[in-house]
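Participant: My questions will all concern the structure given below.
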2 protein chains.
Amino acid sequence: MKSVVLQVEGMTCGHCKSAVEGAALSVDGVKQAAVDLAANTVSVEMDEQVDVNLVKQEIEDQGYDVN
Amino acid sequence: MKSVVLQVEGMTCGHCKSAVEGAALSVDGVKQAAVDLAANTVSVEMDEQVDVNLVKQEIEDQGYDVN
């Protein structure tokens with residue numbers, strides 16, 4: 001298992017939180033995703049073999065910028 | 001047909017726009033609902049017999065304050 005904290009721009013409300021967490025969790029092997037709206041971050045826990053770029057892509061597909 | 005423009009607080013993003021428009025449109029007799037995010041308003045067109053308070057209530061149930 002590995003964890004990353006991604007900086008996500010553009011999240012403003014509970015719907016955004018759900019959209020970003022759902023996007024991360026849609027990737028195979030992602031086990032947990034938790035948005036911190038105040039910090040503009042999402043913490044993601046995933047199996048070792050998951051490509052973090054896939055997670056970033058899914059979040060970007062929801063309309064948010066990931067750094 | 002009648003129109004009202006309601007002031008809605010707390011809308012920040014496209015999800016909020018959809019939630020508020022959907023709430024308004026869920027009321028029987030409401031024909032159109034259009035959020036202006038920059039103005040914090042929703043314009044609603046509805047049949048004469050619709051009670052505007054029902055529309056307000058549905059929007060408030062989504063977590064927004066309506067003035």
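Ligands are numbered from 1 in the order shown, chains are lettered A, B, ... in the order of the structure tokens, and residues start at 1 in each chain.
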For Lys31 of chain A, work out the shell of residues within 8 Å, counting only C-alpha atoms and skipping chain neighbours fewer than 3 positions away, then give it as a ChimeraX atom specification.
Facilitator: /A:25,44-47
Participant: Taking only residues of chain A that have an atom at most 10 Å from an atom of chain B, what is each one's shortest atom pair and its distance in Å to one decimal, using only C-alpha atoms, in chain and number order, as CSV?
Facilitator:
```
residue,atom,partner,partner_atom,distance
A:Gly10,CA,B:Cys13,CA,8.7
A:Met11,CA,B:Cys13,CA,8.3
A:Thr12,CA,B:Thr12,CA,6.1
A:Cys13,CA,B:Thr12,CA,6.8
A:Gly14,CA,B:Cys16,CA,9.1
A:His15,CA,B:His15,CA,6.0
A:Cys16,CA,B:His15,CA,7.2
A:Ala19,CA,B:His15,CA,9.1
A:Gly63,CA,B:Gly14,CA,9.9
```
Participant: Taking the DSSP assignment computed from this structure's backbone, write out as a count of residues only all residues of chain A that belong to alpha helix (DSSP H).
Facilitator: 22
Participant: Within 12 Å of Gly29 of chain B, counting only C-alpha atoms, which residues qualify if same-chain residues fewer than 4 places away don't, as a compact mmCIF listing (two decimals) with N, CA and C atoms, in the first residue's frame?
Facilitator:
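So result_27.txt came out as:
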```txt
# COMPACT_ATOMS: atom_id res chain seq x y z
N MET B 1 -48.42 31.66 -16.45
CA MET B 1 -47.00 31.48 -16.12
C MET B 1 -46.51 32.69 -15.34
N LYS B 2 -45.64 32.43 -14.39
CA LYS B 2 -45.02 33.53 -13.64
C LYS B 2 -43.54 33.24 -13.44
N SER B 3 -42.78 34.28 -13.19
CA SER B 3 -41.34 34.15 -13.00
C SER B 3 -40.94 34.77 -11.67
N ALA B 24 -35.37 23.06 -8.03
CA ALA B 24 -36.50 23.88 -8.50
C ALA B 24 -37.37 23.08 -9.47
N LEU B 25 -36.71 22.39 -10.39
CA LEU B 25 -37.47 21.66 -11.41
C LEU B 25 -38.21 20.44 -10.84
N ALA B 33 -35.58 26.60 -14.86
CA ALA B 33 -34.80 27.13 -13.74
C ALA B 33 -33.39 27.36 -14.25
N VAL B 44 -36.68 31.33 -12.01
CA VAL B 44 -37.58 30.19 -12.11
C VAL B 44 -38.86 30.61 -12.83
N GLU B 45 -39.24 29.83 -13.82
CA GLU B 45 -40.53 30.04 -14.48
C GLU B 45 -41.45 28.89 -14.12
N MET B 46 -42.66 29.24 -13.78
CA MET B 46 -43.57 28.21 -13.28
C MET B 46 -45.02 28.57 -13.59
N ASP B 47 -45.88 27.56 -13.55
CA ASP B 47 -47.31 27.80 -13.70
C ASP B 47 -47.80 28.69 -12.56
N GLU B 48 -48.89 29.42 -12.86
CA GLU B 48 -49.42 30.38 -11.88
C GLU B 48 -49.69 29.77 -10.50
N GLN B 49 -50.17 28.54 -10.50
CA GLN B 49 -50.63 27.97 -9.23
C GLN B 49 -49.52 27.45 -8.32
N VAL B 50 -48.27 27.49 -8.81
CA VAL B 50 -47.17 26.96 -8.00
C VAL B 50 -46.90 27.88 -6.80
N ASP B 51 -46.77 27.27 -5.64
CA ASP B 51 -46.40 28.02 -4.43
C ASP B 51 -44.87 28.17 -4.41
N VAL B 52 -44.43 29.42 -4.51
CA VAL B 52 -42.98 29.68 -4.57
C VAL B 52 -42.27 29.14 -3.32
N LEU B 54 -42.65 26.36 -1.98
CA LEU B 54 -42.25 24.98 -2.22
C LEU B 54 -40.91 24.93 -2.95
N VAL B 55 -40.75 25.85 -3.89
CA VAL B 55 -39.49 25.92 -4.63
C VAL B 55 -38.35 26.28 -3.68
```
Participant: May I have the residues within 12 Å of Val66 of chain B as JSON, numbers by chain, using only C-alpha atoms and disregarding those fewer than 2 positions away in the same chain?
Facilitator: {"B": [5, 6, 7, 8, 9, 10, 11, 20, 24, 40, 41, 42, 52, 53, 54, 55, 56, 57, 58, 59, 60, 61, 62, 63, 64]}
